[in-house]
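Everything below belongs to input_24.cif, which stores mmCIF, C-alpha atoms.
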```cif
data_coords
loop_
_atom_site.label_atom_id
_atom_site.label_comp_id
_atom_site.auth_asym_id
_atom_site.auth_seq_id
_atom_site.Cartn_x
_atom_site.Cartn_y
_atom_site.Cartn_z
CA MET A 1 -4.37 -90.11 -8.25
CA LYS A 2 -7.94 -90.72 -9.40
CA LEU A 3 -9.14 -90.04 -5.88
CA ILE A 4 -7.31 -86.68 -5.82
CA GLU A 5 -8.70 -85.67 -9.27
CA LYS A 6 -12.21 -86.61 -8.20
CA SER A 7 -11.86 -84.57 -5.04
CA MET A 8 -10.52 -81.54 -6.98
CA ASN A 9 -13.35 -81.74 -9.53
CA LYS A 10 -15.90 -81.90 -6.74
CA THR A 11 -14.35 -78.84 -5.07
CA LYS A 12 -14.35 -76.95 -8.41
CA PHE A 13 -18.01 -77.85 -8.99
CA MET A 14 -18.98 -76.68 -5.49
CA THR A 15 -17.10 -73.38 -5.97
CA MET A 16 -18.88 -72.69 -9.29
CA GLN A 17 -22.21 -73.54 -7.68
CA GLU A 18 -21.55 -71.14 -4.79
CA GLU A 19 -20.61 -68.34 -7.23
CA GLU A 20 -23.86 -68.87 -9.13
CA GLU A 21 -25.81 -68.76 -5.88
CA ASP A 22 -24.00 -65.57 -4.85
CA ARG A 23 -24.81 -63.93 -8.17
CA GLY A 24 -28.39 -64.96 -7.74
CA GLU A 25 -28.57 -63.32 -4.33
CA GLY A 26 -27.61 -59.97 -5.86
CA PHE A 27 -30.85 -59.72 -7.84
CA HIS A 28 -34.11 -58.73 -6.13
CA LYS A 29 -37.47 -57.71 -7.40
CA ILE A 30 -38.17 -53.98 -6.84
CA GLU A 31 -41.66 -52.60 -6.99
CA VAL A 32 -41.79 -49.04 -8.35
CA ALA A 33 -44.66 -46.80 -7.34
CA MET A 34 -45.72 -44.13 -9.83
CA ILE A 35 -46.30 -40.67 -8.32
CA ASP A 36 -48.60 -38.12 -9.91
CA ARG A 37 -46.74 -34.77 -9.76
CA SER A 38 -49.36 -32.75 -11.60
CA ASN A 39 -50.94 -31.52 -8.36
CA LEU A 40 -47.67 -30.78 -6.52
CA SER A 41 -46.87 -27.11 -5.86
CA PRO A 42 -43.29 -25.83 -6.30
CA PRO A 43 -41.16 -25.40 -3.15
CA PRO A 44 -41.27 -21.92 -1.59
CA ALA A 45 -38.37 -19.58 -2.41
CA SER A 46 -35.79 -19.17 0.32
CA ALA A 47 -35.52 -15.91 2.20
CA ALA A 48 -32.10 -15.21 0.67
CA THR A 49 -33.50 -15.60 -2.84
CA ALA A 50 -36.49 -13.41 -2.04
CA THR A 51 -34.49 -10.57 -0.49
CA ALA A 52 -31.33 -10.63 -2.62
CA PRO A 53 -32.13 -11.37 -6.27
CA LEU A 54 -29.27 -11.57 -8.73
CA ARG A 55 -28.49 -8.28 -10.43
CA GLU A 56 -29.42 -8.18 -14.06
CA VAL A 57 -26.73 -6.58 -16.19
CA SER A 58 -26.42 -6.00 -19.89
CA GLY A 59 -23.22 -6.01 -21.90
CA ASP A 60 -20.01 -8.02 -21.71
CA LEU A 61 -18.67 -8.70 -18.22
CA ILE A 62 -15.08 -7.47 -18.53
CA PRO A 63 -13.21 -7.17 -15.21
CA PRO A 64 -10.80 -4.28 -14.66
CA LEU A 65 -7.06 -4.80 -14.90
CA ASN A 66 -5.61 -6.94 -12.09
CA PHE A 67 -9.04 -7.69 -10.65
CA ALA A 68 -9.07 -10.16 -7.75
CA MET A 69 -10.95 -10.98 -4.57
CA VAL A 70 -9.13 -9.97 -1.39
CA ASP A 71 -11.58 -11.22 1.22
CA ASN A 72 -15.30 -11.71 1.69
CA GLY A 73 -16.87 -8.54 0.30
CA ILE A 74 -13.52 -6.96 -0.63
CA PHE A 75 -12.09 -6.75 -4.15
CA ARG A 76 -9.07 -5.05 -5.77
CA SER A 77 -8.25 -3.90 -9.28
CA GLY A 78 -6.81 -1.23 -11.50
CA PHE A 79 -8.83 1.85 -12.47
CA PRO A 80 -12.25 0.77 -13.83
CA ASP A 81 -13.01 1.92 -17.36
CA THR A 82 -16.43 2.30 -18.99
CA ALA A 83 -15.99 -1.17 -20.52
CA ASN A 84 -15.82 -2.57 -16.98
CA PHE A 85 -19.07 -0.98 -15.75
CA PRO A 86 -21.32 -4.02 -16.41
CA PHE A 87 -18.88 -6.23 -14.50
CA ILE A 88 -18.63 -3.74 -11.61
CA LYS A 89 -22.42 -3.55 -11.48
CA SER A 90 -22.65 -7.34 -11.20
CA LEU A 91 -20.62 -7.19 -7.96
CA GLY A 92 -23.35 -5.20 -6.21
CA LEU A 93 -20.82 -2.82 -4.68
CA HIS A 94 -21.66 -0.44 -1.86
CA SER A 95 -18.36 1.45 -1.95
CA ILE A 96 -15.18 2.14 -3.89
CA ILE A 97 -11.85 3.20 -2.38
CA SER A 98 -9.81 5.12 -4.94
CA LEU A 99 -6.13 5.72 -4.14
CA CYS A 100 -5.58 8.06 -7.10
CA PRO A 101 -5.17 11.82 -6.47
CA GLU A 102 -6.63 12.86 -9.84
CA PRO A 103 -10.28 14.02 -10.00
CA TYR A 104 -12.60 11.09 -10.60
CA PRO A 105 -13.82 10.97 -14.25
CA GLU A 106 -17.33 12.26 -14.84
CA ASN A 107 -18.45 9.00 -16.51
CA ASN A 108 -17.34 7.05 -13.46
CA MET A 109 -19.09 9.47 -11.11
CA GLN A 110 -22.36 9.12 -13.03
CA PHE A 111 -22.04 5.33 -12.93
CA LEU A 112 -21.48 5.37 -9.15
CA LYS A 113 -24.42 7.70 -8.61
CA SER A 114 -26.81 5.65 -10.76
CA ASN A 115 -25.87 2.47 -8.87
CA GLY A 116 -25.80 3.89 -5.36
CA ILE A 117 -22.06 3.33 -4.87
CA SER A 118 -20.20 5.57 -2.40
CA LEU A 119 -16.74 6.86 -3.35
CA PHE A 120 -13.96 7.23 -0.79
CA GLN A 121 -10.96 8.90 -2.38
CA PHE A 122 -7.55 9.00 -0.72
CA GLY A 123 -5.22 10.76 -3.11
CA ILE A 124 -1.82 9.09 -2.96
CA ASP A 125 0.84 10.00 -5.49
CA GLY A 126 1.85 6.88 -7.36
CA SER A 127 4.99 8.28 -8.99
CA LYS A 128 8.41 7.19 -7.84
CA THR A 129 11.61 9.20 -7.66
CA LYS A 130 14.61 8.30 -9.75
CA CYS A 131 16.60 5.50 -8.22
CA LEU A 132 20.09 6.19 -6.94
CA PRO A 133 23.05 5.25 -9.14
CA GLY A 134 23.93 1.61 -8.72
CA LEU A 135 20.69 0.80 -6.86
CA GLU A 136 18.39 0.06 -9.80
CA ASN A 137 15.60 -2.41 -8.87
CA GLU A 138 16.95 -2.51 -5.32
CA VAL A 139 16.04 0.67 -3.44
CA TRP A 140 13.81 3.61 -4.32
CA LEU A 141 14.67 6.66 -2.24
CA HIS A 142 11.53 8.64 -1.43
CA ILE A 143 11.76 12.01 0.23
CA TRP A 144 9.18 12.74 2.87
CA GLY A 145 8.62 16.22 4.20
CA SER A 146 10.54 17.22 7.29
CA LYS A 147 7.65 16.19 9.56
CA HIS A 148 7.45 12.75 7.87
CA HIS A 149 11.19 12.08 7.81
CA LYS A 150 12.28 9.04 9.79
CA GLU A 151 15.65 8.62 11.41
CA GLY A 152 17.74 5.63 10.46
CA SER A 153 20.02 4.46 7.73
CA TYR A 154 20.30 1.85 5.03
CA THR A 155 23.74 0.58 4.09
CA ASN A 156 24.36 -1.02 0.72
CA GLY A 157 27.93 -1.73 -0.28
CA ASN A 158 29.52 1.53 -1.37
CA SER A 159 26.76 3.90 -0.29
CA LYS A 160 24.86 4.83 2.81
CA THR A 161 21.50 6.50 2.36
CA SER A 162 18.51 7.46 4.42
CA GLU A 163 16.17 4.55 5.12
CA PRO A 164 13.94 4.02 2.05
CA PHE A 165 10.29 4.97 2.59
CA VAL A 166 7.64 4.80 -0.04
CA ASP A 167 5.99 8.08 -0.90
CA ILE A 168 2.71 7.15 0.76
CA LEU A 169 1.34 9.18 3.61
CA ASP A 170 0.86 6.99 6.64
CA ASN A 171 -2.29 8.78 7.75
CA LYS A 172 -4.04 8.25 4.40
CA ILE A 173 -3.44 4.52 4.54
CA ARG A 174 -4.86 4.50 8.06
CA GLU A 175 -7.98 6.40 7.01
CA ALA A 176 -8.44 4.07 4.04
CA LEU A 177 -8.10 1.06 6.34
CA LYS A 178 -10.90 2.37 8.57
CA VAL A 179 -13.22 2.52 5.55
CA LEU A 180 -12.00 -0.87 4.34
CA LEU A 181 -12.63 -2.60 7.67
CA ASP A 182 -16.14 -1.19 8.15
CA GLU A 183 -18.52 -3.91 7.00
CA LYS A 184 -21.22 -1.31 6.27
CA ASN A 185 -19.14 -0.35 3.23
CA HIS A 186 -19.06 -3.90 1.85
CA PRO A 187 -19.02 -5.12 -0.87
CA LEU A 188 -16.13 -2.81 -1.63
CA LEU A 189 -13.56 -2.33 -4.40
CA ILE A 190 -10.05 -0.93 -3.85
CA HIS A 191 -8.25 0.47 -6.87
CA CYS A 192 -5.41 2.71 -7.95
CA LYS A 193 -4.21 3.18 -11.52
CA ARG A 194 -3.05 -0.37 -12.25
CA GLY A 195 -3.90 -2.16 -9.02
CA LYS A 196 -0.27 -2.86 -8.18
CA HIS A 197 1.65 -0.58 -5.82
CA ARG A 198 -0.76 1.66 -3.89
CA THR A 199 -3.47 -1.00 -3.82
CA GLY A 200 -0.86 -3.59 -2.89
CA CYS A 201 0.35 -1.48 0.05
CA LEU A 202 -3.17 -0.99 1.41
CA VAL A 203 -3.97 -4.70 1.09
CA GLY A 204 -0.61 -5.58 2.65
CA CYS A 205 -1.32 -3.40 5.68
CA MET A 206 -4.72 -5.10 6.03
CA ARG A 207 -2.96 -8.47 5.91
CA LYS A 208 -0.87 -7.39 8.91
CA LEU A 209 -4.12 -6.90 10.81
CA GLN A 210 -5.04 -10.41 9.71
CA LYS A 211 -1.75 -11.57 11.27
CA TRP A 212 -0.25 -12.78 8.01
CA CYS A 213 3.51 -13.35 8.06
CA LEU A 214 5.62 -10.91 6.01
CA THR A 215 6.63 -13.61 3.54
CA SER A 216 2.97 -14.23 2.60
CA ILE A 217 2.26 -10.48 2.45
CA PHE A 218 5.20 -9.90 0.10
CA ASP A 219 4.29 -12.91 -2.05
CA GLU A 220 0.78 -11.50 -2.59
CA TYR A 221 2.17 -8.03 -3.35
CA GLN A 222 4.65 -9.44 -5.88
CA ARG A 223 1.98 -11.49 -7.67
CA PHE A 224 0.39 -8.23 -8.82
CA ALA A 225 3.47 -5.97 -9.03
CA ALA A 226 5.57 -8.66 -10.79
CA ALA A 227 8.68 -7.10 -12.35
CA LYS A 228 7.56 -3.67 -11.11
CA ALA A 229 7.76 -4.68 -7.42
CA ARG A 230 9.39 -2.02 -5.25
CA VAL A 231 11.50 -2.72 -2.21
CA SER A 232 10.32 0.59 -0.75
CA ASP A 233 6.68 -0.59 -0.83
CA GLN A 234 7.64 -3.74 1.05
CA ARG A 235 9.60 -1.71 3.60
CA PHE A 236 6.55 0.49 4.13
CA MET A 237 4.35 -2.54 4.79
CA GLU A 238 6.97 -4.09 7.07
CA LEU A 239 7.27 -0.96 9.22
CA PHE A 240 3.57 -0.04 9.20
CA ASP A 241 2.27 -0.08 12.78
CA VAL A 242 -1.18 -1.67 13.12
CA SER A 243 -1.32 -1.57 16.92
CA ASN A 244 -3.65 1.45 17.06
CA LEU A 245 -6.05 -0.15 14.54
CA LYS A 246 -6.64 -3.42 16.38
CA HIS A 247 -9.60 -1.95 18.27
CA ILE A 248 -11.60 -1.68 15.03
CA PRO A 249 -14.15 -4.53 14.92
CA MET A 250 -13.83 -6.85 11.92
CA SER A 251 -16.66 -9.24 11.16
CA PHE A 252 -15.44 -10.78 7.90
CA SER A 253 -13.00 -13.65 7.44
CA CYS A 254 -9.94 -11.83 8.71
CA THR A 255 -11.25 -11.89 12.28
CA SER A 256 -9.69 -15.25 13.12
CA SER A 257 -6.98 -14.64 15.69
#
```
Show me, as structure tokens, the structure contained in the file I just sent.
Amino acid sequence: MKLIEKSMNKTKFMTMQEEEEDRGEGFHKIEVAMIDRSNLSPPPASAATATAPLREVSGDLIPPLNFAMVDNGIFRSGFPDTANFPFIKSLGLHSIISLCPEPYPENNMQFLKSNGISLFQFGIDGSKTKCLPGLENEVWLHIWGSKHHKEGSYTNGNSKTSEPFVDILDNKIREALKVLLDEKNHPLLIHCKRGKHRTGCLVGCMRKLQKWCLTSIFDEYQRFAAAKARVSDQRFMELFDVSNLKHIPMSFSCTSS
């Protein structure tokens, strides 16, 4: 027994000695050289900093209603008010796409002119017709002119109606998309009155060009439209044909195929 205890004590002593040696190996003397920085010149400014200084703005930066980034150089929102001008100026916009049919307010026009922002206006009526009895929050029936009427039907329980189409002219969305996809117009802001339905439809059609699935397109639309989401808007985006727009070059992040 004494032999075992002696052996164990010796092992314990050797282990403690090794730990002390290991701790000792972790400490080394480091010589620090002092550098005189008084004669050093500052690093040269990068080309990006020299050519694109940050815009100086005054006033509170208040974004418009439902403001969000859509893609590199593309933003969306509701109608900008005068309180939003400092924020809009900070974006360094080149263009604005307005989807409202009303004449652009004089204050907004003066702001665009003083900041070199081009306005592309595609007047699209944002009003909706009264929904059919029994179809509240399900289908909005929009009447196109005879040349815009589409054949087809939509069956819902007790009633059969013409296929629901949102009251948005197909050709105006196409023209707006051409402006939207032209990088020369970036940075660019899309807006309607509240940044929900008309803006949502235009962005949704762009997402089809980006090869988004319909579920993702509708999810994005509903994030902004919320309880005001319209089935007719989603039907418009679903049926919108992008095949004749695929030839338009796109050099921002939606180009991945």
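For the file at hand, the PyMOL selection byres ((chain A and resi 66) around 6) resolves to Leu65, Phe67, Ser77, Gly78 and Gly195 of chain A.
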Report task. Record the distance separating CA of Leu181 in chain A and CA of Ala83 in chain A, expressed in Å with one decimal. Result -> 28.4 Å
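From CA of Val242 in chain A back to CA of Ile96 in chain A, the distance works out to 22.4 Å.
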Query raised in the report: What gap, in Å, lies between CA of Pro86 in chain A and CA of Leu61 in chain A?
Result: 5.7 Å
Identify all residues satisfying the PyMOL selection byres ((chain A and resi 207) around 12) in the given file; provide them as a compact mmCIF listing (two decimals) with C-alpha atoms, in the frame of the given file.
```txt
# COMPACT_ATOMS: atom_id res chain seq x y z
CA VAL A 70 -9.13 -9.97 -1.39
CA ASP A 71 -11.58 -11.22 1.22
CA LEU A 177 -8.10 1.06 6.34
CA LEU A 180 -12.00 -0.87 4.34
CA LEU A 181 -12.63 -2.60 7.67
CA GLY A 200 -0.86 -3.59 -2.89
CA CYS A 201 0.35 -1.48 0.05
CA LEU A 202 -3.17 -0.99 1.41
CA VAL A 203 -3.97 -4.70 1.09
CA GLY A 204 -0.61 -5.58 2.65
CA CYS A 205 -1.32 -3.40 5.68
CA MET A 206 -4.72 -5.10 6.03
CA LYS A 208 -0.87 -7.39 8.91
CA LEU A 209 -4.12 -6.90 10.81
CA GLN A 210 -5.04 -10.41 9.71
CA LYS A 211 -1.75 -11.57 11.27
CA TRP A 212 -0.25 -12.78 8.01
CA CYS A 213 3.51 -13.35 8.06
CA LEU A 214 5.62 -10.91 6.01
CA THR A 215 6.63 -13.61 3.54
CA SER A 216 2.97 -14.23 2.60
CA ILE A 217 2.26 -10.48 2.45
CA PHE A 218 5.20 -9.90 0.10
CA ASP A 219 4.29 -12.91 -2.05
CA GLU A 220 0.78 -11.50 -2.59
CA TYR A 221 2.17 -8.03 -3.35
CA MET A 237 4.35 -2.54 4.79
CA GLU A 238 6.97 -4.09 7.07
CA PHE A 240 3.57 -0.04 9.20
CA VAL A 242 -1.18 -1.67 13.12
CA SER A 253 -13.00 -13.65 7.44
CA CYS A 254 -9.94 -11.83 8.71
CA THR A 255 -11.25 -11.89 12.28
CA SER A 256 -9.69 -15.25 13.12
```
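You can rank A:Cys192, A:Thr82, A:Ile97, A:Ala176 by their closest distance to Gln110 in chain A using all atoms listed in the file, and at the top of that list sits A:Thr82.
Proximity ranking of A:Pro63, A:Gly123, A:Pro80, A:Gly73 relative to Leu93 in chain A places A:Gly73 first, based on all atoms listed in the file.
Take the candidates A:Lys113, A:Asp125, A:Leu119, A:Asn84 and check each one against Ile190 in chain A using only C-alpha atoms; the shortest distance goes to A:Leu119.
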Requested in this report: Check what the PyMOL selection byres ((chain A and resi 95) around 12) selects in the file above and give those residues as a count of residues only.
Outcome: 36
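For the residues A:Glu175, A:Glu106, A:Asp81, A:Asp170, ranking by smallest atom-to-atom distance to Leu239 in chain A using all atoms listed in the file places A:Asp170 first.
In this comparison, which uses only C-alpha atoms, the residue of A:Gln222, A:Ser114, A:Ser232, A:Ser243 approaching Lys196 in chain A most closely is A:Gln222.
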